[in-house]
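Everything on this sheet refers to the single structure shown next.
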Amino acid sequence: MVNSSFSDYEEPPAVSDLAQEKRESEAILAVIAAASAYLELDKVLATAMAKTVEVLGADNGSIHLLEEASGELVLQTPRFVDPALAEVVGRLKLGQSLTGLVAQRGEPILTPDLAADPRSTLPAAATAGIQSLAVVPIKLKERTLGTLACSTQKGKPPLTQRHVSLMQAIANAIAPAIENARLYQREREATAALAREKQTLEAINAVVAAASASLELEQALELALDKALEMTRQKIGALHLVDEATGELALACHRNMAPRIAADTQRLKSGGSVVWWSAANAAPILVTNTHADERIALASVRQQPPYSIACAPLMVQDKVLGTLSLIRRRVDSLTEQDLQALVNIANAVAPAIERARLIKQERETAQALAQEKAGLEAVNSVVAAATASVELNLVLKLALEKTISALGTDAGTIHLLEEGSGDLVLKAHHRLPLEGVRDVQRLKVANSLVGMAVERKEPVLVPDMTQEPRLATQATIRQGPRAMVVVPIILHDRVLGTLTTAQAGADSISPQNTKLMKTIANAIAPAIEHARLYEQMASLALTDTLTGLPNLRYLQGELERELARSRREQTPLSLLLMDIDSLKSINDQYGHQAGDRLLKEMCGLFKGAVRASEIVARYGGDEFVVALPNANPTGAEVVAQRIHQRVNDYRLQVREGKEIAAHVSIGIATFPQQAASAAELLDRADSAAYRSKARGRNQITLYPDTPVESSPGPSGQS
């Protein structure tokens with residue numbers, strides 16, 4: 001071992017050349033022995049540097065090695081080197097500074113006074129305090145591996161040519177050890193790379209196996225993300241998929257993301273995020289500081305502490321399915337190696353994800369076809385029910401019941417527009433509470449949600465009726481269904497009414513049901529219009545066109561029904577037949593318009609004198625009939641006297657300033673006392689009215705010929 005340094009030597013040497021050579025040889029052997037004790041490059045270099053500085057008695061020392069990839073000199077083992085200087089000489093190009101010149105030329109350099117050497121390009125501040133510097137090349141078979149440098153501080157003896165010779169001998173001696181250590185390091189790195197590659201492949205196989213284990217897309221995505229995080233030893237990640245309908249990136253699943261960021265990345269429509277950039281460019285991306293990357297514009301990201309994110313596109317051939325992302329809550333905490341691992345995983349799991357996505361699409365298509373088929377069957381069943389009858393009420397009832405059954409909803413109504421008022425009138429309801437029926441019996445188009453569907457000619461969906469102010473007081477809301485949809489019933493662009501269904505749960509009416517309701521409404525519209533026209537025609541056949549009262553045909557049918565009930569319940573039925581006196585003379589003197597007005601106004605007087613359950617009909621010409629169920633002769637006389645009095649109090653204005661009185665002759669007959677059938681009852685009442693006319697008109701007669709006291713009104717004209 002060497003026990004003293006060569007820094008005490010002075011030129012010429014004070015010892016013999018033989019002794020000097022012996023010391024130098026021992027020093028070289030000591031450095032070689034120390035450097036050869038290790039296989040690891042960093043230990044070989046550190047040991048060689050430490051022994052060289054010790055043997056030379058230098059103050060500082062360093063070794064640079066030539067980096068094959070860049071061709072630059074990289075500082076490996078600074079020994080007692082000032083940190084500021086170490087930073088400056090960390091990487092040097094060939095020819096840069098004295099160290100670069102030595103590596104470029106392959107020859108040593110000695111400068112006794114570094115500050116005065118023009119070849120030194122290092123900043124004065126970094127080299128302050130250094131007196132002398134010696135740099136020698138480390139070469140192996142004429143190939144430069146790097147440089148060995150030593151220096152002394154100001155105030156100490158400078159390095160000499162003898163030191164340079166010793167340094168060169170040491171450099172030549174340690175060159176094989178350095179090369180062996182570099183080869184060993186490469187072998188270790190290659191072995192480690194193979195091990196990592198094997199581990200990566202095993203992990204990717206595990207990810208693919210996990211993602212392929214399920215045919216359910218959502219489960220495949222969850223498994224893929226979990227395995228990716230497990231493989232990369234990360235805790236935070238996300239997986240986005242492209243929504244093919246909108247082109248947006250939708251967050252499919254995530255692990256441990258900050259709530260604000262997860263919310264902001266639920267759906268991404270354009271730039272402003274790494275995830276969108278990766279999908280749009282079909283390329284992986286690594287951002288080591290989210291606050292320093294201009295591609296990130298999301299406010300939630302800016303409001304969080306900066307972090308690192310790696311993102312890789314999920315691709316099958318040239319199609320981008322989505323993205324896979326990793327996040328670490330520190331800057332510069334993800335590396336290119338992490339990104340490459342993420343890319344490998346993304347490439348591996350993308351086919352499994354695409355397969356699960358296609359299976360889901362096929363399943364959804366099959367479900368949609370099944371729903372469409374069920375919808376068509378439902379429409380057919382509703383139309384069949386609606387066309388099974390021409391009676392409007394029955395058509396509406398059957399159509400509504402079939403609609404509710406087909407849709408599986410809880411309740412429903414059908415309203416039709418009333419021609420005169422323009423109101424929506426309830427015509428059919430199913431499973432609606434009694435109070436709810438009263439609430440919707442008659443609705444104004446302008447002030448109701450049902451009317452909104454009429455105005456817009458489009459469905460109106462109310463997800464939660466309890467949150468709708470216009471429905472807050474309705475019993476329908478207090479007692480049952482919460483979701484409601486109203487669909488207009490339209491025929492040839494004309495709104496006939498509305499079809500409404502309601503469901504118990506909020507947000508419980510699906511878009512499919514709304515679409516199906518629209519189809520049903522369109523399908524039943526012709527049947528409703530047909531039934532309504534039939535009803536109108538039937539009404540015209542049974543209604544007197546002038547007065548709007550039921551005609552003789554209607555009266556005959558009602559009389560038969562009332563007589564059957566009277567026989568069954570053993571109750572009387574009375575009939576009043578009223579003949580308007582002097583109608584012909586009024587027509588002749590004042591015109592038929594005056595006569596028609598008289599008939600219409602008489603009709604109003606008759607209806608105003610009886611109950612709603614009692615029938616008023618026009619018998620023909622100037623004759624009218626009132627049917628009084630449950631009325632005996634005495635009760636019939638009371639009604640006849642009331643009518644007689646009202647007619648006597650009436651005046652018909654025939655022209656301005658001219659009024660005339662009107663009178664009526666009334667006959668009364670009662671079942672079963674005076675008649676046994678409807679025809680007999682009409683005949684006996686007509687006969688009694690004839691007797692009233694025969695006695696001078698404006699009188700009441702009870703069949704067969706019993707006068708009934710009445711209050712005679714004024715006679716003549718005024």
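All residue names refer to the structure tokens as shown: chains lettered A, B, ... in order, residues numbered from 1 in each chain, ligands numbered from 1 in order.
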Need to verify the contact set: region 72-76 of chain A, 6 Å, only C-alpha atoms, exclusion of same-chain residues closer than 3 positions in sequence. Can you return it as a PyMOL selection string? chain A and resi 63-67+90-93
Would you list the contacts of region 293-303 of chain A as a PyMOL selection string, taking every protein, DNA or RNA residue within 12 Å and counting only C-alpha atoms, but skipping same-chain residues closer than 3 positions in sequence? chain A and resi 257-265+268+270-278+285-290+306-309+327+329+331
Closest of A:Pro550, A:Gly375, A:Pro313, A:Gly237 to Ala279 (chain A) - atom-to-atom distances counting only C-alpha atoms: A:Pro313
Residues at most 10 Å from Thr514 (chain A), counting only C-alpha atoms, excluding those fewer than 6 positions away in the same chain, as a list in words?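 The contact residues come out as Leu407, Pro459, Val460, Leu461, Met484, Val485, Val486, Val487, Thr501 and Ile520 of chain A.
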Could those residues be written to a file, using N, CA, C and O atoms, as a tab-separated table (two decimals), in the first residue's frame?
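What ended up in out-v7.tsv:
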chain	number	residue	atom	x	y	z
A	407	LEU	N	-98.60	-0.38	-22.35
A	407	LEU	CA	-97.46	0.39	-21.84
A	407	LEU	C	-97.08	-0.01	-20.42
A	407	LEU	O	-95.99	0.31	-19.96
A	459	PRO	N	-95.62	15.77	-27.92
A	459	PRO	CA	-95.79	15.23	-26.57
A	459	PRO	C	-95.21	16.16	-25.50
A	459	PRO	O	-94.23	16.85	-25.74
A	460	VAL	N	-95.83	16.15	-24.33
A	460	VAL	CA	-95.34	16.91	-23.17
A	460	VAL	C	-95.05	15.90	-22.06
A	460	VAL	O	-95.95	15.18	-21.63
A	461	LEU	N	-93.79	15.84	-21.63
A	461	LEU	CA	-93.37	14.90	-20.60
A	461	LEU	C	-93.12	15.65	-19.30
A	461	LEU	O	-92.41	16.65	-19.28
A	484	MET	N	-95.80	11.86	-15.85
A	484	MET	CA	-96.93	11.97	-16.77
A	484	MET	C	-96.42	12.33	-18.15
A	484	MET	O	-95.47	13.08	-18.30
A	485	VAL	N	-97.08	11.78	-19.17
A	485	VAL	CA	-96.80	12.20	-20.54
A	485	VAL	C	-98.13	12.40	-21.26
A	485	VAL	O	-99.06	11.61	-21.11
A	486	VAL	N	-98.22	13.52	-21.99
A	486	VAL	CA	-99.42	13.87	-22.73
A	486	VAL	C	-99.07	13.90	-24.21
A	486	VAL	O	-98.12	14.57	-24.62
A	487	VAL	N	-99.85	13.17	-25.01
A	487	VAL	CA	-99.60	13.10	-26.45
A	487	VAL	C	-100.83	13.60	-27.19
A	487	VAL	O	-101.95	13.17	-26.88
A	501	THR	N	-100.97	9.35	-20.09
A	501	THR	CA	-100.73	8.24	-19.17
A	501	THR	C	-99.86	8.74	-18.03
A	501	THR	O	-99.09	9.69	-18.18
A	520	ILE	N	-99.52	5.24	-31.08
A	520	ILE	CA	-100.88	4.82	-30.75
A	520	ILE	C	-101.87	5.95	-31.00
A	520	ILE	O	-102.95	5.75	-31.58
Using DSSP on the backbone, list every residue of region 109-255 of chain A that comes out as helix (DSSP H, G or I), and give them as a ChimeraX atom specification. /A:114-116,124-127,161-212,217-232
Which residues are near region 413-418 of chain A? Cut-off 6 Å, only C-alpha atoms, ignore same chain within fewer than 6 positions. Put them as a CSV table (one decimal) with C-alpha atoms, in the first residue's frame.
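Now in part.csv:
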chain,number,residue,atom,x,y,z
A,424,LEU,CA,-110.6,19.9,-23.5
A,425,VAL,CA,-113.4,17.6,-22.1
A,426,LEU,CA,-112.6,14.4,-20.3
A,427,LYS,CA,-114.2,11.5,-22.3
A,428,ALA,CA,-112.4,8.5,-20.8
A,429,HIS,CA,-110.3,7.7,-17.8
A,496,LEU,CA,-108.8,16.0,-31.9
A,497,GLY,CA,-107.7,15.7,-28.3
A,498,THR,CA,-105.0,14.2,-26.1
A,499,LEU,CA,-104.0,10.8,-24.7
A,500,THR,CA,-102.4,11.0,-21.2
Between A:Asn60, A:Pro83, A:Glu26, A:Asn180, which has the minimum distance to Gln153 (chain A) (counting only C-alpha atoms)?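 Closest to Gln153 (chain A), using only C-alpha atoms: A:Asn60.
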Leu516 (chain A) environment, 10 Å, only C-alpha atoms, sequence neighbours closer than 6 positions dropped, as a PDB file with N, CA and C atoms, in the first residue's frame:
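Saved result, result.pdb, follows:
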ATOM      1  N   GLN A 371     -88.594  -4.646 -28.744  1.00  0.00           N
ATOM      2  CA  GLN A 371     -89.484  -3.589 -28.271  1.00  0.00           C
ATOM      3  C   GLN A 371     -90.340  -3.032 -29.399  1.00  0.00           C
ATOM      4  N   GLU A 372     -89.698  -2.893 -30.575  1.00  0.00           N
ATOM      5  CA  GLU A 372     -90.452  -2.386 -31.726  1.00  0.00           C
ATOM      6  C   GLU A 372     -91.557  -3.362 -32.106  1.00  0.00           C
ATOM      7  N   ALA A 374     -92.987  -5.543 -30.081  1.00  0.00           N
ATOM      8  CA  ALA A 374     -94.007  -5.467 -29.031  1.00  0.00           C
ATOM      9  C   ALA A 374     -94.838  -4.200 -29.190  1.00  0.00           C
ATOM     10  N   GLY A 375     -94.148  -3.100 -29.591  1.00  0.00           N
ATOM     11  CA  GLY A 375     -94.871  -1.851 -29.800  1.00  0.00           C
ATOM     12  C   GLY A 375     -95.875  -1.955 -30.919  1.00  0.00           C
ATOM     13  N   LEU A 376     -95.463  -2.580 -32.031  1.00  0.00           N
ATOM     14  CA  LEU A 376     -96.391  -2.753 -33.151  1.00  0.00           C
ATOM     15  C   LEU A 376     -97.568  -3.634 -32.754  1.00  0.00           C
ATOM     16  N   ALA A 378     -98.700  -3.905 -29.751  1.00  0.00           N
ATOM     17  CA  ALA A 378     -99.532  -3.086 -28.861  1.00  0.00           C
ATOM     18  C   ALA A 378    -100.404  -2.131 -29.663  1.00  0.00           C
ATOM     19  N   VAL A 379     -99.793  -1.486 -30.680  1.00  0.00           N
ATOM     20  CA  VAL A 379    -100.565  -0.567 -31.525  1.00  0.00           C
ATOM     21  C   VAL A 379    -101.705  -1.309 -32.209  1.00  0.00           C
ATOM     22  N   THR A 403    -104.214   0.786 -24.241  1.00  0.00           N
ATOM     23  CA  THR A 403    -102.971   1.569 -24.208  1.00  0.00           C
ATOM     24  C   THR A 403    -102.271   1.399 -22.870  1.00  0.00           C
ATOM     25  N   ALA A 406    -100.826  -2.061 -22.625  1.00  0.00           N
ATOM     26  CA  ALA A 406     -99.649  -2.259 -23.483  1.00  0.00           C
ATOM     27  C   ALA A 406     -98.418  -1.565 -22.920  1.00  0.00           C
ATOM     28  N   LEU A 407     -98.595  -0.376 -22.353  1.00  0.00           N
ATOM     29  CA  LEU A 407     -97.463   0.390 -21.837  1.00  0.00           C
ATOM     30  C   LEU A 407     -97.077  -0.013 -20.416  1.00  0.00           C
ATOM     31  N   SER A 510     -90.380   6.068 -19.982  1.00  0.00           N
ATOM     32  CA  SER A 510     -89.211   5.992 -20.860  1.00  0.00           C
ATOM     33  C   SER A 510     -89.489   6.698 -22.185  1.00  0.00           C
ATOM     34  N   ASN A 522    -101.657   8.456 -33.049  1.00  0.00           N
ATOM     35  CA  ASN A 522    -101.850   8.632 -34.491  1.00  0.00           C
ATOM     36  C   ASN A 522    -102.711   7.516 -35.074  1.00  0.00           C
TER      37      ASN A 522
END
For Ser582 (chain A), please output as a ChimeraX atom specification all residues within 10 Å (counting only C-alpha atoms; exclusion window: fewer than 5 positions along the same chain). /A:587-588,595,622,662-664,697
Sel. of strand (DSSP E) residues, region 115-266 of chain A, as a PyMOL selection string: chain A and resi 130-140+143-153+236-242+249-255
For the residues in the current selection, export N, CA, C and O atoms as a short mmCIF file (atom, residue, chain, number, x, y, z; two decimals), in the first residue's frame.
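out-v6.cif written:
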data_model
loop_
_atom_site.label_atom_id
_atom_site.label_comp_id
_atom_site.auth_asym_id
_atom_site.auth_seq_id
_atom_site.Cartn_x
_atom_site.Cartn_y
_atom_site.Cartn_z
N ILE A 130 -9.45 27.12 -7.77
CA ILE A 130 -8.64 26.05 -8.36
C ILE A 130 -7.34 26.66 -8.90
O ILE A 130 -7.38 27.64 -9.66
N GLN A 131 -6.23 26.04 -8.56
CA GLN A 131 -4.92 26.53 -9.02
C GLN A 131 -4.50 25.77 -10.28
O GLN A 131 -4.41 26.33 -11.36
N SER A 132 -4.22 24.49 -10.10
CA SER A 132 -3.73 23.69 -11.23
C SER A 132 -4.72 22.59 -11.56
O SER A 132 -5.48 22.15 -10.71
N LEU A 133 -4.69 22.14 -12.84
CA LEU A 133 -5.61 21.10 -13.32
C LEU A 133 -4.87 20.19 -14.29
O LEU A 133 -4.15 20.67 -15.18
N ALA A 134 -5.02 18.87 -14.08
CA ALA A 134 -4.46 17.89 -15.00
C ALA A 134 -5.58 16.97 -15.47
O ALA A 134 -6.37 16.48 -14.66
N VAL A 135 -5.71 16.78 -16.80
CA VAL A 135 -6.75 15.91 -17.37
C VAL A 135 -6.08 14.94 -18.32
O VAL A 135 -5.29 15.34 -19.19
N VAL A 136 -6.35 13.63 -18.17
CA VAL A 136 -5.79 12.62 -19.06
C VAL A 136 -6.93 11.80 -19.66
O VAL A 136 -7.98 11.63 -19.04
N PRO A 137 -6.72 11.28 -20.88
CA PRO A 137 -7.77 10.44 -21.48
C PRO A 137 -7.75 9.03 -20.89
O PRO A 137 -6.69 8.50 -20.56
N ILE A 138 -8.93 8.45 -20.77
CA ILE A 138 -9.05 7.02 -20.40
C ILE A 138 -9.32 6.29 -21.70
O ILE A 138 -10.39 6.45 -22.32
N LYS A 139 -8.32 5.49 -22.14
CA LYS A 139 -8.41 4.86 -23.45
C LYS A 139 -8.21 3.36 -23.33
O LYS A 139 -7.48 2.88 -22.46
N LEU A 140 -8.85 2.66 -24.24
CA LEU A 140 -8.69 1.21 -24.32
C LEU A 140 -8.58 0.85 -25.79
O LEU A 140 -9.53 1.05 -26.55
N ARG A 143 -9.34 3.53 -28.20
CA ARG A 143 -10.72 4.02 -28.13
C ARG A 143 -10.89 4.79 -26.84
O ARG A 143 -10.63 4.26 -25.75
N THR A 144 -11.27 6.05 -26.95
CA THR A 144 -11.43 6.89 -25.77
C THR A 144 -12.73 6.53 -25.05
O THR A 144 -13.81 6.57 -25.63
N LEU A 145 -12.57 6.17 -23.76
CA LEU A 145 -13.73 5.87 -22.93
C LEU A 145 -14.20 7.09 -22.16
O LEU A 145 -15.38 7.20 -21.82
N GLY A 146 -13.27 7.98 -21.84
CA GLY A 146 -13.62 9.15 -21.04
C GLY A 146 -12.38 9.89 -20.62
O GLY A 146 -11.32 9.81 -21.28
N THR A 147 -12.47 10.59 -19.48
CA THR A 147 -11.33 11.37 -18.98
C THR A 147 -11.23 11.23 -17.48
O THR A 147 -12.23 11.00 -16.78
N LEU A 148 -9.96 11.42 -16.99
CA LEU A 148 -9.66 11.44 -15.55
C LEU A 148 -9.03 12.79 -15.27
O LEU A 148 -8.07 13.19 -15.92
N ALA A 149 -9.60 13.54 -14.31
CA ALA A 149 -9.10 14.89 -14.00
C ALA A 149 -8.83 15.01 -12.51
O ALA A 149 -9.57 14.46 -11.69
N CYS A 150 -7.72 15.74 -12.16
CA CYS A 150 -7.41 16.08 -10.77
C CYS A 150 -6.99 17.54 -10.72
O CYS A 150 -6.46 18.09 -11.70
N SER A 151 -7.22 18.18 -9.57
CA SER A 151 -6.85 19.60 -9.44
C SER A 151 -6.40 19.87 -8.02
O SER A 151 -6.68 19.10 -7.09
N THR A 152 -5.68 21.00 -7.88
CA THR A 152 -5.27 21.46 -6.54
C THR A 152 -5.79 22.86 -6.34
O THR A 152 -6.04 23.60 -7.30
N GLN A 153 -6.00 23.22 -5.09
CA GLN A 153 -6.52 24.52 -4.75
C GLN A 153 -5.38 25.55 -4.68
O GLN A 153 -4.20 25.21 -4.56
N ILE A 236 -54.59 5.81 -9.22
CA ILE A 236 -55.60 6.69 -9.81
C ILE A 236 -55.62 6.49 -11.32
O ILE A 236 -54.57 6.53 -11.97
N GLY A 237 -56.79 6.26 -11.86
CA GLY A 237 -56.89 6.06 -13.31
C GLY A 237 -58.32 6.25 -13.79
O GLY A 237 -59.27 6.33 -13.00
N ALA A 238 -58.46 6.33 -15.11
CA ALA A 238 -59.78 6.53 -15.71
C ALA A 238 -59.82 5.89 -17.08
O ALA A 238 -58.78 5.75 -17.76
N LEU A 239 -61.03 5.51 -17.49
CA LEU A 239 -61.23 4.96 -18.83
C LEU A 239 -62.41 5.68 -19.46
O LEU A 239 -63.51 5.71 -18.90
N HIS A 240 -62.17 6.32 -20.61
CA HIS A 240 -63.22 7.01 -21.36
C HIS A 240 -63.52 6.23 -22.64
O HIS A 240 -62.62 5.63 -23.23
N LEU A 241 -64.78 6.26 -23.07
CA LEU A 241 -65.17 5.66 -24.34
C LEU A 241 -65.79 6.72 -25.24
O LEU A 241 -66.46 7.65 -24.76
N VAL A 242 -65.60 6.56 -26.55
CA VAL A 242 -66.21 7.47 -27.52
C VAL A 242 -67.69 7.14 -27.65
O VAL A 242 -68.06 5.98 -27.87
N LEU A 249 -66.42 12.13 -25.64
CA LEU A 249 -65.76 11.13 -24.80
C LEU A 249 -66.51 11.05 -23.48
O LEU A 249 -66.63 12.05 -22.76
N ALA A 250 -67.01 9.87 -23.17
CA ALA A 250 -67.79 9.68 -21.94
C ALA A 250 -66.97 8.88 -20.94
O ALA A 250 -66.35 7.88 -21.29
N LEU A 251 -66.97 9.35 -19.69
CA LEU A 251 -66.25 8.65 -18.62
C LEU A 251 -66.98 7.35 -18.31
O LEU A 251 -68.11 7.35 -17.83
N ALA A 252 -66.33 6.22 -18.63
CA ALA A 252 -66.95 4.91 -18.41
C ALA A 252 -66.72 4.41 -16.98
O ALA A 252 -67.62 3.86 -16.36
N CYS A 253 -65.51 4.61 -16.46
CA CYS A 253 -65.21 4.22 -15.08
C CYS A 253 -63.93 4.92 -14.65
O CYS A 253 -63.13 5.35 -15.49
N HIS A 254 -63.75 5.03 -13.35
CA HIS A 254 -62.52 5.65 -12.84
C HIS A 254 -62.24 5.10 -11.44
O HIS A 254 -63.10 4.51 -10.79
N ARG A 255 -61.02 5.33 -10.99
CA ARG A 255 -60.62 4.92 -9.66
C ARG A 255 -59.92 6.10 -8.97
O ARG A 255 -58.94 6.64 -9.47
#
Among listed residues A:Thr99, A:Gln589, A:Gln512, A:Ser574, nearest Thr634 (chain A) (using only C-alpha atoms):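 So, comparing all the options, the nearest one is A:Ser574.
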Counting only C-alpha atoms, the option among A:Leu563, A:Ala523, A:Met517, A:Ile668 closest to Asn632 (chain A): A:Ile668
Val343 (chain A): which residues within 9 Å, counting only C-alpha atoms, same-chain residues fewer than 5 positions away excluded, as a ChimeraX atom specification? /A:284,311-314,324,338,348
Please produce a file of those selected residues containing all heavy atoms, as a PDB file, in the first residue's frame.
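Output file out19.pdb follows:
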ATOM      1  N   PRO A 284     -50.443   8.505 -27.784  1.00  0.00           N
ATOM      2  CA  PRO A 284     -50.242   8.593 -26.338  1.00  0.00           C
ATOM      3  C   PRO A 284     -49.639   9.931 -25.964  1.00  0.00           C
ATOM      4  O   PRO A 284     -49.023  10.609 -26.787  1.00  0.00           O
ATOM      5  CB  PRO A 284     -49.284   7.438 -26.039  1.00  0.00           C
ATOM      6  CG  PRO A 284     -48.536   7.240 -27.319  1.00  0.00           C
ATOM      7  CD  PRO A 284     -49.485   7.576 -28.421  1.00  0.00           C
ATOM      8  N   CYS A 311     -51.700   9.227 -20.775  1.00  0.00           N
ATOM      9  CA  CYS A 311     -52.938   8.822 -21.435  1.00  0.00           C
ATOM     10  C   CYS A 311     -52.599   8.127 -22.745  1.00  0.00           C
ATOM     11  O   CYS A 311     -51.739   8.591 -23.499  1.00  0.00           O
ATOM     12  CB  CYS A 311     -53.823  10.044 -21.686  1.00  0.00           C
ATOM     13  SG  CYS A 311     -55.456   9.631 -22.301  1.00  0.00           S
ATOM     14  N   ALA A 312     -53.276   7.006 -23.009  1.00  0.00           N
ATOM     15  CA  ALA A 312     -53.050   6.249 -24.241  1.00  0.00           C
ATOM     16  C   ALA A 312     -54.392   5.967 -24.903  1.00  0.00           C
ATOM     17  O   ALA A 312     -55.372   5.660 -24.220  1.00  0.00           O
ATOM     18  CB  ALA A 312     -52.321   4.941 -23.942  1.00  0.00           C
ATOM     19  N   PRO A 313     -54.464   6.069 -26.243  1.00  0.00           N
ATOM     20  CA  PRO A 313     -55.730   5.774 -26.927  1.00  0.00           C
ATOM     21  C   PRO A 313     -55.995   4.272 -26.971  1.00  0.00           C
ATOM     22  O   PRO A 313     -55.066   3.470 -27.100  1.00  0.00           O
ATOM     23  CB  PRO A 313     -55.503   6.330 -28.340  1.00  0.00           C
ATOM     24  CG  PRO A 313     -54.025   6.264 -28.532  1.00  0.00           C
ATOM     25  CD  PRO A 313     -53.409   6.484 -27.175  1.00  0.00           C
ATOM     26  N   LEU A 314     -57.267   3.913 -26.855  1.00  0.00           N
ATOM     27  CA  LEU A 314     -57.695   2.528 -27.046  1.00  0.00           C
ATOM     28  C   LEU A 314     -58.082   2.404 -28.512  1.00  0.00           C
ATOM     29  O   LEU A 314     -59.057   3.025 -28.961  1.00  0.00           O
ATOM     30  CB  LEU A 314     -58.891   2.200 -26.150  1.00  0.00           C
ATOM     31  CG  LEU A 314     -58.635   2.225 -24.642  1.00  0.00           C
ATOM     32  CD1 LEU A 314     -59.943   2.336 -23.877  1.00  0.00           C
ATOM     33  CD2 LEU A 314     -57.880   0.975 -24.217  1.00  0.00           C
ATOM     34  N   LEU A 324     -57.265   5.379 -22.072  1.00  0.00           N
ATOM     35  CA  LEU A 324     -56.917   4.828 -20.770  1.00  0.00           C
ATOM     36  C   LEU A 324     -55.912   5.782 -20.133  1.00  0.00           C
ATOM     37  O   LEU A 324     -54.911   6.126 -20.767  1.00  0.00           O
ATOM     38  CB  LEU A 324     -56.323   3.432 -20.930  1.00  0.00           C
ATOM     39  CG  LEU A 324     -56.013   2.621 -19.673  1.00  0.00           C
ATOM     40  CD1 LEU A 324     -57.270   2.383 -18.852  1.00  0.00           C
ATOM     41  CD2 LEU A 324     -55.378   1.286 -20.063  1.00  0.00           C
ATOM     42  N   ASP A 338     -43.587   4.376 -17.815  1.00  0.00           N
ATOM     43  CA  ASP A 338     -44.985   4.215 -17.407  1.00  0.00           C
ATOM     44  C   ASP A 338     -45.916   4.392 -18.608  1.00  0.00           C
ATOM     45  O   ASP A 338     -46.890   3.648 -18.772  1.00  0.00           O
ATOM     46  CB  ASP A 338     -45.351   5.236 -16.328  1.00  0.00           C
ATOM     47  CG  ASP A 338     -44.596   5.007 -15.032  1.00  0.00           C
ATOM     48  OD1 ASP A 338     -44.431   3.830 -14.656  1.00  0.00           O
ATOM     49  OD2 ASP A 338     -44.165   5.991 -14.413  1.00  0.00           O
ATOM     50  N   ALA A 348     -53.456  -3.925 -25.855  1.00  0.00           N
ATOM     51  CA  ALA A 348     -53.836  -5.309 -25.568  1.00  0.00           C
ATOM     52  C   ALA A 348     -55.320  -5.440 -25.240  1.00  0.00           C
ATOM     53  O   ALA A 348     -55.978  -6.402 -25.656  1.00  0.00           O
ATOM     54  CB  ALA A 348     -52.990  -5.846 -24.415  1.00  0.00           C
TER      55      ALA A 348
END
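For the residues A:Gly621, A:Asp493, A:Lys515, A:Ala685, ranking by smallest atom-to-atom distance to Leu575 (chain A) using only C-alpha atoms places A:Ala685 first.
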